[in-house]
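What follows is a short report on a single structure.
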Amino acid sequence: MKKDQGFDTRAVHAGQDFDPTTGAVIPPLYLTSTFVQKSVGDLRGGYEYTRAGNPTRDALEQQLAALEGGRFGMSFSSGLAAEDALLRAVLKPGDHVVLGNDVYGGTHRLINRVHGAWGVTNTVVDMSNLFEVEKALKKGSTKILWVETPSNPMMKISDIAELSDIGRQAGAIIVVDNTFASPALQRPLSLGADVVVHSTTKYLGGHSDVLGGALVLNDEELAEKVRFVQFAAGAVSGPMDAWLTSRGIKTLAVRMERHSSNAQALAEYLMGNPAVEQVYYPGLPDSPGHELARQQMSAFGGMVSIAMRGGAKAARRFAESTRVFLLAESLGGVESLVNYPAEMTHASVRGTVLEVPDNIVRLSVGIESVEDLIADVDAALAKSPKRSK
């Protein structure tokens, strides 16, 4: 692929050369666990065992790197598996991580409870307050500054370029979770980040039929460390998962356009509803992160969160009343989903500073007809109490 080719072209063609044997436009799916060697140690194309390498996964990794503008792409069995491999490659007991006070609950659980048990400490901070971030960083011991923007589920926008400068001065690696925006809308490496992480289950796969994760980075030494952990611990994506993700990526750009336009229309509609206390969406001009999002994103994405005026009871009632929006975990698929974070995706951070208010509902706005989405939300809101009792 030429580096100057457009994003949409790279999404379709990077790592996707036609099969030279048959001329098949779509590269073959290599559903194999092992590869026959010519002689002992003489490998065909460098392949010996699928945990170490598989042509289908290699093709996806080229695609991922091309989308984010990085040198090295790595595909994992889940987003958390990708995060864990990176953490283990970088951290040792006594090291420190700074992360946002609104990150995905699973990320906090992994850093705080799994790696915390091995002597890794962490500090959570409001990433929009650069002074507080600077205070939290400990030169010499802070090894990672973990940024998530837009954040899950409060849709906070963090300044990737400024945070990258601040983190680098403290000697930290800057990691950006780009799952909500996707590389179609935001490319953190170009803004100064060192590593981009994705749950490819979400917008990259895009069809709620695959589980996966990814890392993209430029530093060769760090890439080698992560690849060793990936090989040694074995959390690789299987060939079918890699193939499905590659297929999803080819329509990423056009899907994100519809996700974004639908979410914008829905967010604007919700602003006038008496049952809604607040709408969290960076595309709204009054959103605290709107101007920053305009600078570092090409559109505002498909995720909208709302605070219900009637409290927890209203939020639950709303989440259980939609019909087009399906009540389910996850996000980023072509179908619209509704989630009650306090008891679903973020239940693991209840009682911590990351606890999500119990009147928050998160909407993953799909690509259906926007009129149907608005009608569905309108009908559900009509069933929700307007005030808590």
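Identifiers in this document derive from the order of the structure tokens: chains are assigned A, B, ..., residues are numbered from 1 separately in each chain, and ligands are numbered from 1 in order of occurrence.
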**Request:** Mind checking which residues fall within 9 Å of stretch 147-160 of chain A, counting only C-alpha atoms, ignoring those fewer than 3 positions away in the same chain, and posting them as a ChimeraX atom specification?
**Result:** /A:98-100,102-105,127-130,163-165,174-181,188,191-193,280-282,288-290,292-293,296,300-301,303-306,341,346,356,360-362
As a CSV table (one decimal) with N, CA and C atoms, in the first residue's frame, please: every residue in stretch 152-276 of chain A that DSSP puts in strand (DSSP E or B).
```csv
chain,number,residue,atom,x,y,z
A,173,ILE,N,4.9,6.1,28.8
A,173,ILE,CA,4.4,5.7,27.5
A,173,ILE,C,3.0,6.2,27.4
A,174,ILE,N,2.6,6.8,26.3
A,174,ILE,CA,1.2,7.3,26.2
A,174,ILE,C,0.4,6.3,25.4
A,175,VAL,N,-0.6,5.8,26.1
A,175,VAL,CA,-1.5,4.8,25.5
A,175,VAL,C,-2.9,5.4,25.3
A,176,VAL,N,-3.5,5.3,24.1
A,176,VAL,CA,-4.8,5.8,23.9
A,176,VAL,C,-5.7,4.7,23.4
A,177,ASP,N,-6.8,4.6,24.2
A,177,ASP,CA,-7.9,3.6,23.8
A,177,ASP,C,-8.8,4.4,22.8
A,195,VAL,N,1.1,4.4,21.7
A,195,VAL,CA,0.4,3.1,21.5
A,195,VAL,C,-1.1,3.4,21.3
A,196,VAL,N,-1.8,2.7,20.4
A,196,VAL,CA,-3.2,2.8,20.3
A,196,VAL,C,-3.8,1.4,20.6
A,197,VAL,N,-4.8,1.3,21.4
A,197,VAL,CA,-5.5,0.1,21.7
A,197,VAL,C,-6.9,0.1,21.3
A,198,HIS,N,-7.4,-1.1,20.8
A,198,HIS,CA,-8.8,-1.2,20.4
A,198,HIS,C,-9.4,-2.5,20.9
A,199,SER,N,-10.7,-2.4,21.2
A,199,SER,CA,-11.5,-3.6,21.2
A,199,SER,C,-12.0,-3.7,19.8
A,213,GLY,N,-9.2,-7.9,19.9
A,213,GLY,CA,-8.5,-6.7,20.4
A,213,GLY,C,-7.3,-6.4,19.5
A,214,ALA,N,-6.7,-5.2,19.6
A,214,ALA,CA,-5.6,-4.8,18.8
A,214,ALA,C,-4.7,-3.8,19.5
A,215,LEU,N,-3.5,-3.8,19.1
A,215,LEU,CA,-2.5,-2.7,19.5
A,215,LEU,C,-1.9,-2.3,18.2
A,216,VAL,N,-1.6,-1.0,18.1
A,216,VAL,CA,-0.8,-0.4,17.0
A,216,VAL,C,0.2,0.6,17.6
A,217,LEU,N,1.4,0.5,17.1
A,217,LEU,CA,2.5,1.3,17.6
A,217,LEU,C,3.6,1.4,16.6
A,236,VAL,N,-3.8,-14.8,21.2
A,236,VAL,CA,-3.9,-14.4,19.8
A,236,VAL,C,-5.4,-14.5,19.3
A,276,VAL,N,-35.2,13.9,30.1
A,276,VAL,CA,-33.7,13.9,30.1
A,276,VAL,C,-33.1,15.1,30.7
```
**Item:** Best match for closeness to A:Leu60 among A:Phe325, A:Tyr269, A:Phe7, A:Trp243, counting only C-alpha atoms
**Value:** A:Trp243
**Asked** So which residues touch A:Ala382 within 10 Å, counting only C-alpha atoms, skipping near sequence neighbours fewer than 2 positions away, as a PyMOL selection string?
**Response** chain A and resi 273-275+318+321+377-380+384-386
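Here the question is which of A:Ser237, A:Thr322, A:Gln186, A:Gln278 gets nearest to A:Asn359 using only C-alpha atoms, and that residue is A:Gln278.
Using only C-alpha atoms, the nearest neighbour of A:Ser261 within the list A:Gly248, A:Gly302, A:Pro93, A:Ile144 is A:Gly302.
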**Request:** as JSON, numbers by chain, list the residues of stretch 43-163 of chain A assigned to helix (DSSP H, G or I) by DSSP on the backbone atoms of this structure.
**Result:** {"A": [55, 56, 57, 58, 59, 60, 61, 62, 63, 64, 65, 66, 67, 68, 79, 80, 81, 82, 83, 84, 85, 86, 87, 88, 89, 90, 105, 106, 107, 108, 109, 110, 111, 112, 113, 114, 116, 117, 118, 130, 131, 132, 133, 134, 135, 136, 160, 161, 162, 163]}
**Item:** Residues within 9 Å of stretch 63-73 of chain A, only C-alpha atoms, excluding chain neighbours under 2 positions, as a PyMOL selection string
**Value:** chain A and resi 1+3+7-8+10-16+58-61+75+182-184+186-190+195-196+214-220+223+246+249
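Interatomic distance, atom CA of A:Thr107 to atom CA of A:Val124: 11.8 Å.
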**Prompt:** Given the choices A:Phe76, A:Phe131, A:Tyr30, A:Trp146, which gets closest to A:Ala233 if the distance is worked out from only C-alpha atoms?
**Reply:** A:Phe76
